[in-house]
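S.K.: So I've got this file, input14.pdb, and it contains PDB, N, CA and C atoms, pLDDT in the B column:
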```
ATOM      1  N   MET F   1       8.915  22.945 -11.423  1.00 58.00           N
ATOM      2  CA  MET F   1       7.588  22.612 -10.977  1.00 58.00           C
ATOM      3  C   MET F   1       7.643  21.838  -9.667  1.00 58.00           C
ATOM      4  N   PHE F   2       6.539  21.831  -8.977  1.00 72.00           N
ATOM      5  CA  PHE F   2       6.411  21.157  -7.698  1.00 72.00           C
ATOM      6  C   PHE F   2       6.050  19.694  -7.911  1.00 72.00           C
ATOM      7  N   ASN F   3       6.821  18.794  -7.299  1.00 77.00           N
ATOM      8  CA  ASN F   3       6.504  17.371  -7.346  1.00 77.00           C
ATOM      9  C   ASN F   3       5.756  16.987  -6.080  1.00 77.00           C
ATOM     10  N   LYS F   4       4.681  16.278  -6.219  1.00 84.00           N
ATOM     11  CA  LYS F   4       3.903  15.853  -5.062  1.00 84.00           C
ATOM     12  C   LYS F   4       4.658  14.811  -4.247  1.00 84.00           C
ATOM     13  N   PHE F   5       5.435  13.979  -4.912  1.00 88.00           N
ATOM     14  CA  PHE F   5       6.181  12.916  -4.248  1.00 88.00           C
ATOM     15  C   PHE F   5       7.674  13.154  -4.446  1.00 88.00           C
ATOM     16  N   LYS F   6       8.422  13.182  -3.361  1.00 91.00           N
ATOM     17  CA  LYS F   6       9.862  13.400  -3.408  1.00 91.00           C
ATOM     18  C   LYS F   6      10.598  12.069  -3.589  1.00 91.00           C
ATOM     19  N   LYS F   7      11.822  12.152  -4.058  1.00 92.00           N
ATOM     20  CA  LYS F   7      12.658  10.972  -4.234  1.00 92.00           C
ATOM     21  C   LYS F   7      12.955  10.366  -2.862  1.00 92.00           C
ATOM     22  N   GLY F   8      12.729   9.061  -2.727  1.00 92.00           N
ATOM     23  CA  GLY F   8      12.973   8.362  -1.475  1.00 92.00           C
ATOM     24  C   GLY F   8      11.791   8.335  -0.526  1.00 92.00           C
ATOM     25  N   SER F   9      10.659   8.944  -0.898  1.00 92.00           N
ATOM     26  CA  SER F   9       9.495   8.950  -0.013  1.00 92.00           C
ATOM     27  C   SER F   9       8.692   7.657  -0.170  1.00 92.00           C
ATOM     28  N   LYS F  10       8.013   7.275   0.906  1.00 93.00           N
ATOM     29  CA  LYS F  10       7.183   6.071   0.895  1.00 93.00           C
ATOM     30  C   LYS F  10       5.790   6.424   0.410  1.00 93.00           C
ATOM     31  N   VAL F  11       5.252   5.579  -0.464  1.00 94.00           N
ATOM     32  CA  VAL F  11       3.916   5.789  -1.018  1.00 94.00           C
ATOM     33  C   VAL F  11       3.157   4.468  -1.021  1.00 94.00           C
ATOM     34  N   LEU F  12       1.846   4.572  -1.223  1.00 94.00           N
ATOM     35  CA  LEU F  12       0.991   3.406  -1.422  1.00 94.00           C
ATOM     36  C   LEU F  12       0.511   3.405  -2.866  1.00 94.00           C
ATOM     37  N   VAL F  13       0.539   2.254  -3.510  1.00 94.00           N
ATOM     38  CA  VAL F  13       0.177   2.136  -4.918  1.00 94.00           C
ATOM     39  C   VAL F  13      -1.207   1.504  -5.023  1.00 94.00           C
ATOM     40  N   TYR F  14      -2.099   2.163  -5.771  1.00 93.00           N
ATOM     41  CA  TYR F  14      -3.474   1.703  -5.997  1.00 93.00           C
ATOM     42  C   TYR F  14      -3.783   1.748  -7.479  1.00 93.00           C
ATOM     43  N   GLY F  15      -3.171   0.909  -8.289  1.00 93.00           N
ATOM     44  CA  GLY F  15      -3.487   0.931  -9.703  1.00 93.00           C
ATOM     45  C   GLY F  15      -2.541   0.091 -10.528  1.00 93.00           C
ATOM     46  N   PRO F  16      -2.686   0.141 -11.850  1.00 95.00           N
ATOM     47  CA  PRO F  16      -1.865  -0.691 -12.735  1.00 95.00           C
ATOM     48  C   PRO F  16      -0.460  -0.123 -12.933  1.00 95.00           C
ATOM     49  N   GLY F  17       0.472  -1.028 -13.142  1.00 93.00           N
ATOM     50  CA  GLY F  17       1.840  -0.654 -13.461  1.00 93.00           C
ATOM     51  C   GLY F  17       2.044  -0.567 -14.961  1.00 93.00           C
ATOM     52  N   GLN F  18       3.130   0.054 -15.392  1.00 92.00           N
ATOM     53  CA  GLN F  18       3.392   0.240 -16.814  1.00 92.00           C
ATOM     54  C   GLN F  18       4.165  -0.933 -17.423  1.00 92.00           C
ATOM     55  N   ASN F  19       4.981  -1.644 -16.646  1.00 90.00           N
ATOM     56  CA  ASN F  19       5.839  -2.688 -17.214  1.00 90.00           C
ATOM     57  C   ASN F  19       5.058  -3.904 -17.702  1.00 90.00           C
ATOM     58  N   ASP F  20       4.331  -4.550 -16.814  1.00 83.00           N
ATOM     59  CA  ASP F  20       3.620  -5.763 -17.199  1.00 83.00           C
ATOM     60  C   ASP F  20       2.112  -5.663 -17.032  1.00 83.00           C
ATOM     61  N   GLY F  21       1.614  -4.492 -16.655  1.00 85.00           N
ATOM     62  CA  GLY F  21       0.178  -4.304 -16.509  1.00 85.00           C
ATOM     63  C   GLY F  21      -0.400  -4.885 -15.237  1.00 85.00           C
ATOM     64  N   LYS F  22       0.455  -5.269 -14.289  1.00 92.00           N
ATOM     65  CA  LYS F  22      -0.008  -5.826 -13.020  1.00 92.00           C
ATOM     66  C   LYS F  22      -0.728  -4.742 -12.221  1.00 92.00           C
ATOM     67  N   VAL F  23      -1.844  -5.111 -11.607  1.00 94.00           N
ATOM     68  CA  VAL F  23      -2.623  -4.149 -10.817  1.00 94.00           C
ATOM     69  C   VAL F  23      -2.240  -4.297  -9.353  1.00 94.00           C
ATOM     70  N   TYR F  24      -1.815  -3.195  -8.744  1.00 93.00           N
ATOM     71  CA  TYR F  24      -1.413  -3.168  -7.350  1.00 93.00           C
ATOM     72  C   TYR F  24      -2.531  -2.552  -6.524  1.00 93.00           C
ATOM     73  N   LYS F  25      -2.762  -3.105  -5.343  1.00 93.00           N
ATOM     74  CA  LYS F  25      -3.789  -2.560  -4.464  1.00 93.00           C
ATOM     75  C   LYS F  25      -3.235  -2.495  -3.046  1.00 93.00           C
ATOM     76  N   ASN F  26      -3.043  -1.276  -2.569  1.00 91.00           N
ATOM     77  CA  ASN F  26      -2.559  -1.015  -1.220  1.00 91.00           C
ATOM     78  C   ASN F  26      -1.188  -1.656  -0.978  1.00 91.00           C
ATOM     79  N   ILE F  27      -0.265  -1.479  -1.900  1.00 93.00           N
ATOM     80  CA  ILE F  27       1.092  -1.999  -1.792  1.00 93.00           C
ATOM     81  C   ILE F  27       2.030  -0.828  -1.519  1.00 93.00           C
ATOM     82  N   SER F  28       2.879  -0.956  -0.496  1.00 93.00           N
ATOM     83  CA  SER F  28       3.807   0.134  -0.187  1.00 93.00           C
ATOM     84  C   SER F  28       5.030   0.053  -1.098  1.00 93.00           C
ATOM     85  N   ALA F  29       5.561   1.219  -1.429  1.00 95.00           N
ATOM     86  CA  ALA F  29       6.715   1.315  -2.317  1.00 95.00           C
ATOM     87  C   ALA F  29       7.507   2.567  -1.980  1.00 95.00           C
ATOM     88  N   ILE F  30       8.702   2.680  -2.567  1.00 95.00           N
ATOM     89  CA  ILE F  30       9.574   3.838  -2.386  1.00 95.00           C
ATOM     90  C   ILE F  30       9.834   4.459  -3.754  1.00 95.00           C
ATOM     91  N   ILE F  31       9.743   5.776  -3.841  1.00 95.00           N
ATOM     92  CA  ILE F  31       9.983   6.501  -5.095  1.00 95.00           C
ATOM     93  C   ILE F  31      11.478   6.502  -5.407  1.00 95.00           C
ATOM     94  N   LEU F  32      11.846   6.036  -6.601  1.00 96.00           N
ATOM     95  CA  LEU F  32      13.240   6.076  -7.034  1.00 96.00           C
ATOM     96  C   LEU F  32      13.539   7.308  -7.883  1.00 96.00           C
ATOM     97  N   GLU F  33      12.655   7.613  -8.823  1.00 94.00           N
ATOM     98  CA  GLU F  33      12.842   8.778  -9.682  1.00 94.00           C
ATOM     99  C   GLU F  33      11.529   9.140 -10.364  1.00 94.00           C
ATOM    100  N   ARG F  34      11.508  10.314 -11.006  1.00 93.00           N
ATOM    101  CA  ARG F  34      10.342  10.772 -11.754  1.00 93.00           C
ATOM    102  C   ARG F  34      10.775  11.075 -13.172  1.00 93.00           C
ATOM    103  N   ASP F  35      10.030  10.595 -14.134  1.00 92.00           N
ATOM    104  CA  ASP F  35      10.317  10.860 -15.536  1.00 92.00           C
ATOM    105  C   ASP F  35       9.726  12.214 -15.907  1.00 92.00           C
ATOM    106  N   SER F  36      10.560  13.123 -16.366  1.00 88.00           N
ATOM    107  CA  SER F  36      10.093  14.482 -16.646  1.00 88.00           C
ATOM    108  C   SER F  36       9.275  14.577 -17.936  1.00 88.00           C
ATOM    109  N   TYR F  37       9.418  13.624 -18.840  1.00 92.00           N
ATOM    110  CA  TYR F  37       8.670  13.684 -20.088  1.00 92.00           C
ATOM    111  C   TYR F  37       7.292  13.040 -19.949  1.00 92.00           C
ATOM    112  N   PHE F  38       7.258  11.805 -19.442  1.00 90.00           N
ATOM    113  CA  PHE F  38       5.992  11.083 -19.327  1.00 90.00           C
ATOM    114  C   PHE F  38       5.266  11.377 -18.024  1.00 90.00           C
ATOM    115  N   LYS F  39       5.921  12.032 -17.074  1.00 90.00           N
ATOM    116  CA  LYS F  39       5.335  12.427 -15.787  1.00 90.00           C
ATOM    117  C   LYS F  39       4.914  11.241 -14.921  1.00 90.00           C
ATOM    118  N   ASP F  40       5.582  10.093 -15.071  1.00 92.00           N
ATOM    119  CA  ASP F  40       5.284   8.966 -14.204  1.00 92.00           C
ATOM    120  C   ASP F  40       6.454   8.714 -13.256  1.00 92.00           C
ATOM    121  N   PHE F  41       6.246   7.868 -12.263  1.00 95.00           N
ATOM    122  CA  PHE F  41       7.220   7.636 -11.207  1.00 95.00           C
ATOM    123  C   PHE F  41       7.742   6.213 -11.262  1.00 95.00           C
ATOM    124  N   HIS F  42       9.049   6.076 -11.046  1.00 96.00           N
ATOM    125  CA  HIS F  42       9.704   4.772 -10.977  1.00 96.00           C
ATOM    126  C   HIS F  42       9.741   4.393  -9.498  1.00 96.00           C
ATOM    127  N   VAL F  43       9.076   3.302  -9.127  1.00 96.00           N
ATOM    128  CA  VAL F  43       8.987   2.906  -7.727  1.00 96.00           C
ATOM    129  C   VAL F  43       9.589   1.515  -7.531  1.00 96.00           C
ATOM    130  N   LYS F  44      10.034   1.271  -6.287  1.00 96.00           N
ATOM    131  CA  LYS F  44      10.592  -0.030  -5.920  1.00 96.00           C
ATOM    132  C   LYS F  44       9.767  -0.589  -4.773  1.00 96.00           C
ATOM    133  N   PHE F  45       9.317  -1.840  -4.913  1.00 95.00           N
ATOM    134  CA  PHE F  45       8.496  -2.501  -3.911  1.00 95.00           C
ATOM    135  C   PHE F  45       9.372  -3.255  -2.924  1.00 95.00           C
ATOM    136  N   LYS F  46       8.770  -3.751  -1.844  1.00 93.00           N
ATOM    137  CA  LYS F  46       9.512  -4.454  -0.793  1.00 93.00           C
ATOM    138  C   LYS F  46      10.159  -5.743  -1.287  1.00 93.00           C
ATOM    139  N   ASP F  47       9.538  -6.398  -2.260  1.00 93.00           N
ATOM    140  CA  ASP F  47      10.094  -7.660  -2.759  1.00 93.00           C
ATOM    141  C   ASP F  47      11.218  -7.449  -3.769  1.00 93.00           C
ATOM    142  N   GLY F  48      11.570  -6.193  -4.054  1.00 94.00           N
ATOM    143  CA  GLY F  48      12.687  -5.894  -4.945  1.00 94.00           C
ATOM    144  C   GLY F  48      12.295  -5.581  -6.370  1.00 94.00           C
ATOM    145  N   THR F  49      11.045  -5.776  -6.736  1.00 94.00           N
ATOM    146  CA  THR F  49      10.611  -5.467  -8.094  1.00 94.00           C
ATOM    147  C   THR F  49      10.432  -3.966  -8.264  1.00 94.00           C
ATOM    148  N   GLU F  50      10.568  -3.513  -9.490  1.00 95.00           N
ATOM    149  CA  GLU F  50      10.433  -2.100  -9.814  1.00 95.00           C
ATOM    150  C   GLU F  50       9.413  -1.941 -10.926  1.00 95.00           C
ATOM    151  N   ASP F  51       8.729  -0.796 -10.931  1.00 95.00           N
ATOM    152  CA  ASP F  51       7.709  -0.550 -11.936  1.00 95.00           C
ATOM    153  C   ASP F  51       7.510   0.948 -12.095  1.00 95.00           C
ATOM    154  N   TRP F  52       6.923   1.355 -13.217  1.00 96.00           N
ATOM    155  CA  TRP F  52       6.568   2.744 -13.475  1.00 96.00           C
ATOM    156  C   TRP F  52       5.085   2.910 -13.197  1.00 96.00           C
ATOM    157  N   ILE F  53       4.739   3.905 -12.378  1.00 95.00           N
ATOM    158  CA  ILE F  53       3.359   4.130 -11.968  1.00 95.00           C
ATOM    159  C   ILE F  53       2.976   5.572 -12.269  1.00 95.00           C
ATOM    160  N   LEU F  54       1.769   5.778 -12.787  1.00 94.00           N
ATOM    161  CA  LEU F  54       1.262   7.126 -13.008  1.00 94.00           C
ATOM    162  C   LEU F  54       0.907   7.777 -11.670  1.00 94.00           C
ATOM    163  N   PRO F  55       1.030   9.109 -11.563  1.00 93.00           N
ATOM    164  CA  PRO F  55       0.825   9.761 -10.265  1.00 93.00           C
ATOM    165  C   PRO F  55      -0.591   9.664  -9.713  1.00 93.00           C
ATOM    166  N   GLN F  56      -1.600   9.465 -10.545  1.00 93.00           N
ATOM    167  CA  GLN F  56      -2.955   9.359 -10.006  1.00 93.00           C
ATOM    168  C   GLN F  56      -3.177   8.051  -9.254  1.00 93.00           C
ATOM    169  N   TYR F  57      -2.276   7.074  -9.409  1.00 94.00           N
ATOM    170  CA  TYR F  57      -2.389   5.800  -8.706  1.00 94.00           C
ATOM    171  C   TYR F  57      -1.506   5.730  -7.467  1.00 94.00           C
ATOM    172  N   LEU F  58      -0.902   6.837  -7.083  1.00 94.00           N
ATOM    173  CA  LEU F  58      -0.051   6.889  -5.902  1.00 94.00           C
ATOM    174  C   LEU F  58      -0.722   7.715  -4.812  1.00 94.00           C
ATOM    175  N   ARG F  59      -0.527   7.298  -3.567  1.00 92.00           N
ATOM    176  CA  ARG F  59      -1.005   8.049  -2.408  1.00 92.00           C
ATOM    177  C   ARG F  59       0.096   8.092  -1.363  1.00 92.00           C
ATOM    178  N   LYS F  60       0.128   9.164  -0.617  1.00 89.00           N
ATOM    179  CA  LYS F  60       1.114   9.275   0.452  1.00 89.00           C
ATOM    180  C   LYS F  60       0.752   8.326   1.578  1.00 89.00           C
ATOM    181  N   SER F  61       1.780   7.713   2.160  1.00 80.00           N
ATOM    182  CA  SER F  61       1.534   6.866   3.324  1.00 80.00           C
ATOM    183  C   SER F  61       1.751   7.710   4.571  1.00 80.00           C
ATOM    184  N   TYR F  62       0.775   7.726   5.404  1.00 77.00           N
ATOM    185  CA  TYR F  62       0.833   8.543   6.610  1.00 77.00           C
ATOM    186  C   TYR F  62       1.159   7.664   7.806  1.00 77.00           C
ATOM    187  N   ASN F  63       2.041   8.170   8.655  1.00 67.00           N
ATOM    188  CA  ASN F  63       2.348   7.484   9.901  1.00 67.00           C
ATOM    189  C   ASN F  63       1.439   8.042  10.979  1.00 67.00           C
ATOM    190  N   ARG F  64       0.655   7.186  11.569  1.00 67.00           N
ATOM    191  CA  ARG F  64      -0.272   7.623  12.596  1.00 67.00           C
ATOM    192  C   ARG F  64       0.413   7.594  13.947  1.00 67.00           C
ATOM    193  N   GLU F  65       0.308   8.690  14.657  1.00 67.00           N
ATOM    194  CA  GLU F  65       0.838   8.745  16.011  1.00 67.00           C
ATOM    195  C   GLU F  65      -0.308   8.519  16.980  1.00 67.00           C
ATOM    196  N   ARG F  66      -0.155   7.554  17.835  1.00 69.00           N
ATOM    197  CA  ARG F  66      -1.197   7.262  18.801  1.00 69.00           C
ATOM    198  C   ARG F  66      -0.857   7.960  20.117  1.00 69.00           C
ATOM    199  N   LYS F  67      -1.825   8.660  20.636  1.00 71.00           N
ATOM    200  CA  LYS F  67      -1.637   9.346  21.900  1.00 71.00           C
ATOM    201  C   LYS F  67      -2.105   8.443  23.032  1.00 71.00           C
ATOM    202  N   MET F  68      -1.360   8.506  24.119  1.00 69.00           N
ATOM    203  CA  MET F  68      -1.726   7.698  25.284  1.00 69.00           C
ATOM    204  C   MET F  68      -2.817   8.412  26.073  1.00 69.00           C
ATOM    205  N   LYS F  69      -3.806   7.657  26.468  1.00 69.00           N
ATOM    206  CA  LYS F  69      -4.866   8.208  27.297  1.00 69.00           C
ATOM    207  C   LYS F  69      -4.523   7.975  28.758  1.00 69.00           C
ATOM    208  N   ILE F  70      -4.730   8.988  29.539  1.00 68.00           N
ATOM    209  CA  ILE F  70      -4.404   8.876  30.976  1.00 68.00           C
ATOM    210  C   ILE F  70      -5.682   8.719  31.770  1.00 68.00           C
TER     211      ILE F  70
END
```
Go through the file and emit its structure as structure tokens.
M.R.:
Amino acid sequence: MFNKFKKGSKVLVYGPGQNDGKVYKNISAIILERDSYFKDFHVKFKDGTEDWILPQYLRKSYNRERKMKI
């Protein structure tokens, strides 16, 4: 099957985590792995903490390229 988020990709988290129920809002993270049974993602945040997040609470982070005006 097709995974929307690849291993090692950067995402933004907008929702509750599975470990302690903490709610994340606009926090960047990196995908570590995907659980094939429960269909959730194991992510690692910048501060070193890790959590399991459902895919509906993840969004791709887009890098905006700014064009120079002449």
S.K.: Rank F:His42, F:Leu32, F:Gly15, F:Ile27 by their smallest atom-to-atom distance to Gln56 of chain F, using all atoms listed in the file, and report the top residue only.
M.R.: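 When distances to Gln56 of chain F are compared using all atoms listed in the file, the smallest one comes from F:Gly15.
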S.K.: Where does the PyMOL selection byres (((chain F and resi 3 and name CA) around 12) and name CA) land in this file, that is, which residues does it pick, as a PDB file with N, CA and C atoms, keeping the file's coordinate frame?
M.R.:
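expr09.pdb, written as the output of this step:
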```pdb
ATOM      1  N   MET F   1       8.915  22.945 -11.423  1.00 58.00           N
ATOM      2  CA  MET F   1       7.588  22.612 -10.977  1.00 58.00           C
ATOM      3  C   MET F   1       7.643  21.838  -9.667  1.00 58.00           C
ATOM      4  N   PHE F   2       6.539  21.831  -8.977  1.00 72.00           N
ATOM      5  CA  PHE F   2       6.411  21.157  -7.698  1.00 72.00           C
ATOM      6  C   PHE F   2       6.050  19.694  -7.911  1.00 72.00           C
ATOM      7  N   LYS F   4       4.681  16.278  -6.219  1.00 84.00           N
ATOM      8  CA  LYS F   4       3.903  15.853  -5.062  1.00 84.00           C
ATOM      9  C   LYS F   4       4.658  14.811  -4.247  1.00 84.00           C
ATOM     10  N   PHE F   5       5.435  13.979  -4.912  1.00 88.00           N
ATOM     11  CA  PHE F   5       6.181  12.916  -4.248  1.00 88.00           C
ATOM     12  C   PHE F   5       7.674  13.154  -4.446  1.00 88.00           C
ATOM     13  N   LYS F   6       8.422  13.182  -3.361  1.00 91.00           N
ATOM     14  CA  LYS F   6       9.862  13.400  -3.408  1.00 91.00           C
ATOM     15  C   LYS F   6      10.598  12.069  -3.589  1.00 91.00           C
ATOM     16  N   LYS F   7      11.822  12.152  -4.058  1.00 92.00           N
ATOM     17  CA  LYS F   7      12.658  10.972  -4.234  1.00 92.00           C
ATOM     18  C   LYS F   7      12.955  10.366  -2.862  1.00 92.00           C
ATOM     19  N   SER F   9      10.659   8.944  -0.898  1.00 92.00           N
ATOM     20  CA  SER F   9       9.495   8.950  -0.013  1.00 92.00           C
ATOM     21  C   SER F   9       8.692   7.657  -0.170  1.00 92.00           C
ATOM     22  N   ILE F  31       9.743   5.776  -3.841  1.00 95.00           N
ATOM     23  CA  ILE F  31       9.983   6.501  -5.095  1.00 95.00           C
ATOM     24  C   ILE F  31      11.478   6.502  -5.407  1.00 95.00           C
ATOM     25  N   GLU F  33      12.655   7.613  -8.823  1.00 94.00           N
ATOM     26  CA  GLU F  33      12.842   8.778  -9.682  1.00 94.00           C
ATOM     27  C   GLU F  33      11.529   9.140 -10.364  1.00 94.00           C
ATOM     28  N   ARG F  34      11.508  10.314 -11.006  1.00 93.00           N
ATOM     29  CA  ARG F  34      10.342  10.772 -11.754  1.00 93.00           C
ATOM     30  C   ARG F  34      10.775  11.075 -13.172  1.00 93.00           C
ATOM     31  N   ASP F  35      10.030  10.595 -14.134  1.00 92.00           N
ATOM     32  CA  ASP F  35      10.317  10.860 -15.536  1.00 92.00           C
ATOM     33  C   ASP F  35       9.726  12.214 -15.907  1.00 92.00           C
ATOM     34  N   SER F  36      10.560  13.123 -16.366  1.00 88.00           N
ATOM     35  CA  SER F  36      10.093  14.482 -16.646  1.00 88.00           C
ATOM     36  C   SER F  36       9.275  14.577 -17.936  1.00 88.00           C
ATOM     37  N   LYS F  39       5.921  12.032 -17.074  1.00 90.00           N
ATOM     38  CA  LYS F  39       5.335  12.427 -15.787  1.00 90.00           C
ATOM     39  C   LYS F  39       4.914  11.241 -14.921  1.00 90.00           C
ATOM     40  N   ASP F  40       5.582  10.093 -15.071  1.00 92.00           N
ATOM     41  CA  ASP F  40       5.284   8.966 -14.204  1.00 92.00           C
ATOM     42  C   ASP F  40       6.454   8.714 -13.256  1.00 92.00           C
ATOM     43  N   PHE F  41       6.246   7.868 -12.263  1.00 95.00           N
ATOM     44  CA  PHE F  41       7.220   7.636 -11.207  1.00 95.00           C
ATOM     45  C   PHE F  41       7.742   6.213 -11.262  1.00 95.00           C
ATOM     46  N   PRO F  55       1.030   9.109 -11.563  1.00 93.00           N
ATOM     47  CA  PRO F  55       0.825   9.761 -10.265  1.00 93.00           C
ATOM     48  C   PRO F  55      -0.591   9.664  -9.713  1.00 93.00           C
TER      49      PRO F  55
END
```
S.K.: Could you jot down the atom CA of Asn26 of chain F to atom CA of Lys67 of chain F separation for me, Å, one decimal place?
M.R.: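 Computing it gives 25.4 Å between the two atoms.
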S.K.: One decimal, Å: what's the distance from atom CA of Tyr57 of chain F over to atom CA of Phe45 of chain F, could you say?
M.R.: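 Atom-to-atom, atom CA of Tyr57 of chain F and atom CA of Phe45 of chain F are spaced 14.5 Å apart.
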S.K.: Excluding same-chain residues fewer than 5 positions from Lys10 of chain F, what lies within 6.5 Å of it counting only N, CA and C atoms, as a list in words?
M.R.: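 Answer for this query is Ala29, Ile30, Ile31, Arg59, Lys60 and Ser61 of chain F.
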S.K.: Would you mind reading off the distance between atom N of Ile53 of chain F and atom C of Phe38 of chain F, one decimal, in Å?
M.R.: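 Between atom N of Ile53 of chain F and atom C of Phe38 of chain F the gap is 9.4 Å.
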S.K.: With the PyMOL selection byres (((chain F and resi 22 and name CA) around 12) and name CA) as the selection, what would be picked from this file? Answer as a PDB file with N, CA and C atoms, in the frame of the given file, please.
M.R.:
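Resulting contents of result-v3.pdb:
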```pdb
ATOM      1  N   VAL F  13       0.539   2.254  -3.510  1.00 94.00           N
ATOM      2  CA  VAL F  13       0.177   2.136  -4.918  1.00 94.00           C
ATOM      3  C   VAL F  13      -1.207   1.504  -5.023  1.00 94.00           C
ATOM      4  N   TYR F  14      -2.099   2.163  -5.771  1.00 93.00           N
ATOM      5  CA  TYR F  14      -3.474   1.703  -5.997  1.00 93.00           C
ATOM      6  C   TYR F  14      -3.783   1.748  -7.479  1.00 93.00           C
ATOM      7  N   GLY F  15      -3.171   0.909  -8.289  1.00 93.00           N
ATOM      8  CA  GLY F  15      -3.487   0.931  -9.703  1.00 93.00           C
ATOM      9  C   GLY F  15      -2.541   0.091 -10.528  1.00 93.00           C
ATOM     10  N   PRO F  16      -2.686   0.141 -11.850  1.00 95.00           N
ATOM     11  CA  PRO F  16      -1.865  -0.691 -12.735  1.00 95.00           C
ATOM     12  C   PRO F  16      -0.460  -0.123 -12.933  1.00 95.00           C
ATOM     13  N   GLY F  17       0.472  -1.028 -13.142  1.00 93.00           N
ATOM     14  CA  GLY F  17       1.840  -0.654 -13.461  1.00 93.00           C
ATOM     15  C   GLY F  17       2.044  -0.567 -14.961  1.00 93.00           C
ATOM     16  N   GLN F  18       3.130   0.054 -15.392  1.00 92.00           N
ATOM     17  CA  GLN F  18       3.392   0.240 -16.814  1.00 92.00           C
ATOM     18  C   GLN F  18       4.165  -0.933 -17.423  1.00 92.00           C
ATOM     19  N   ASN F  19       4.981  -1.644 -16.646  1.00 90.00           N
ATOM     20  CA  ASN F  19       5.839  -2.688 -17.214  1.00 90.00           C
ATOM     21  C   ASN F  19       5.058  -3.904 -17.702  1.00 90.00           C
ATOM     22  N   ASP F  20       4.331  -4.550 -16.814  1.00 83.00           N
ATOM     23  CA  ASP F  20       3.620  -5.763 -17.199  1.00 83.00           C
ATOM     24  C   ASP F  20       2.112  -5.663 -17.032  1.00 83.00           C
ATOM     25  N   GLY F  21       1.614  -4.492 -16.655  1.00 85.00           N
ATOM     26  CA  GLY F  21       0.178  -4.304 -16.509  1.00 85.00           C
ATOM     27  C   GLY F  21      -0.400  -4.885 -15.237  1.00 85.00           C
ATOM     28  N   VAL F  23      -1.844  -5.111 -11.607  1.00 94.00           N
ATOM     29  CA  VAL F  23      -2.623  -4.149 -10.817  1.00 94.00           C
ATOM     30  C   VAL F  23      -2.240  -4.297  -9.353  1.00 94.00           C
ATOM     31  N   TYR F  24      -1.815  -3.195  -8.744  1.00 93.00           N
ATOM     32  CA  TYR F  24      -1.413  -3.168  -7.350  1.00 93.00           C
ATOM     33  C   TYR F  24      -2.531  -2.552  -6.524  1.00 93.00           C
ATOM     34  N   LYS F  25      -2.762  -3.105  -5.343  1.00 93.00           N
ATOM     35  CA  LYS F  25      -3.789  -2.560  -4.464  1.00 93.00           C
ATOM     36  C   LYS F  25      -3.235  -2.495  -3.046  1.00 93.00           C
ATOM     37  N   ILE F  27      -0.265  -1.479  -1.900  1.00 93.00           N
ATOM     38  CA  ILE F  27       1.092  -1.999  -1.792  1.00 93.00           C
ATOM     39  C   ILE F  27       2.030  -0.828  -1.519  1.00 93.00           C
ATOM     40  N   THR F  49      11.045  -5.776  -6.736  1.00 94.00           N
ATOM     41  CA  THR F  49      10.611  -5.467  -8.094  1.00 94.00           C
ATOM     42  C   THR F  49      10.432  -3.966  -8.264  1.00 94.00           C
ATOM     43  N   GLU F  50      10.568  -3.513  -9.490  1.00 95.00           N
ATOM     44  CA  GLU F  50      10.433  -2.100  -9.814  1.00 95.00           C
ATOM     45  C   GLU F  50       9.413  -1.941 -10.926  1.00 95.00           C
ATOM     46  N   ASP F  51       8.729  -0.796 -10.931  1.00 95.00           N
ATOM     47  CA  ASP F  51       7.709  -0.550 -11.936  1.00 95.00           C
ATOM     48  C   ASP F  51       7.510   0.948 -12.095  1.00 95.00           C
ATOM     49  N   TRP F  52       6.923   1.355 -13.217  1.00 96.00           N
ATOM     50  CA  TRP F  52       6.568   2.744 -13.475  1.00 96.00           C
ATOM     51  C   TRP F  52       5.085   2.910 -13.197  1.00 96.00           C
ATOM     52  N   ILE F  53       4.739   3.905 -12.378  1.00 95.00           N
ATOM     53  CA  ILE F  53       3.359   4.130 -11.968  1.00 95.00           C
ATOM     54  C   ILE F  53       2.976   5.572 -12.269  1.00 95.00           C
TER      55      ILE F  53
END
```
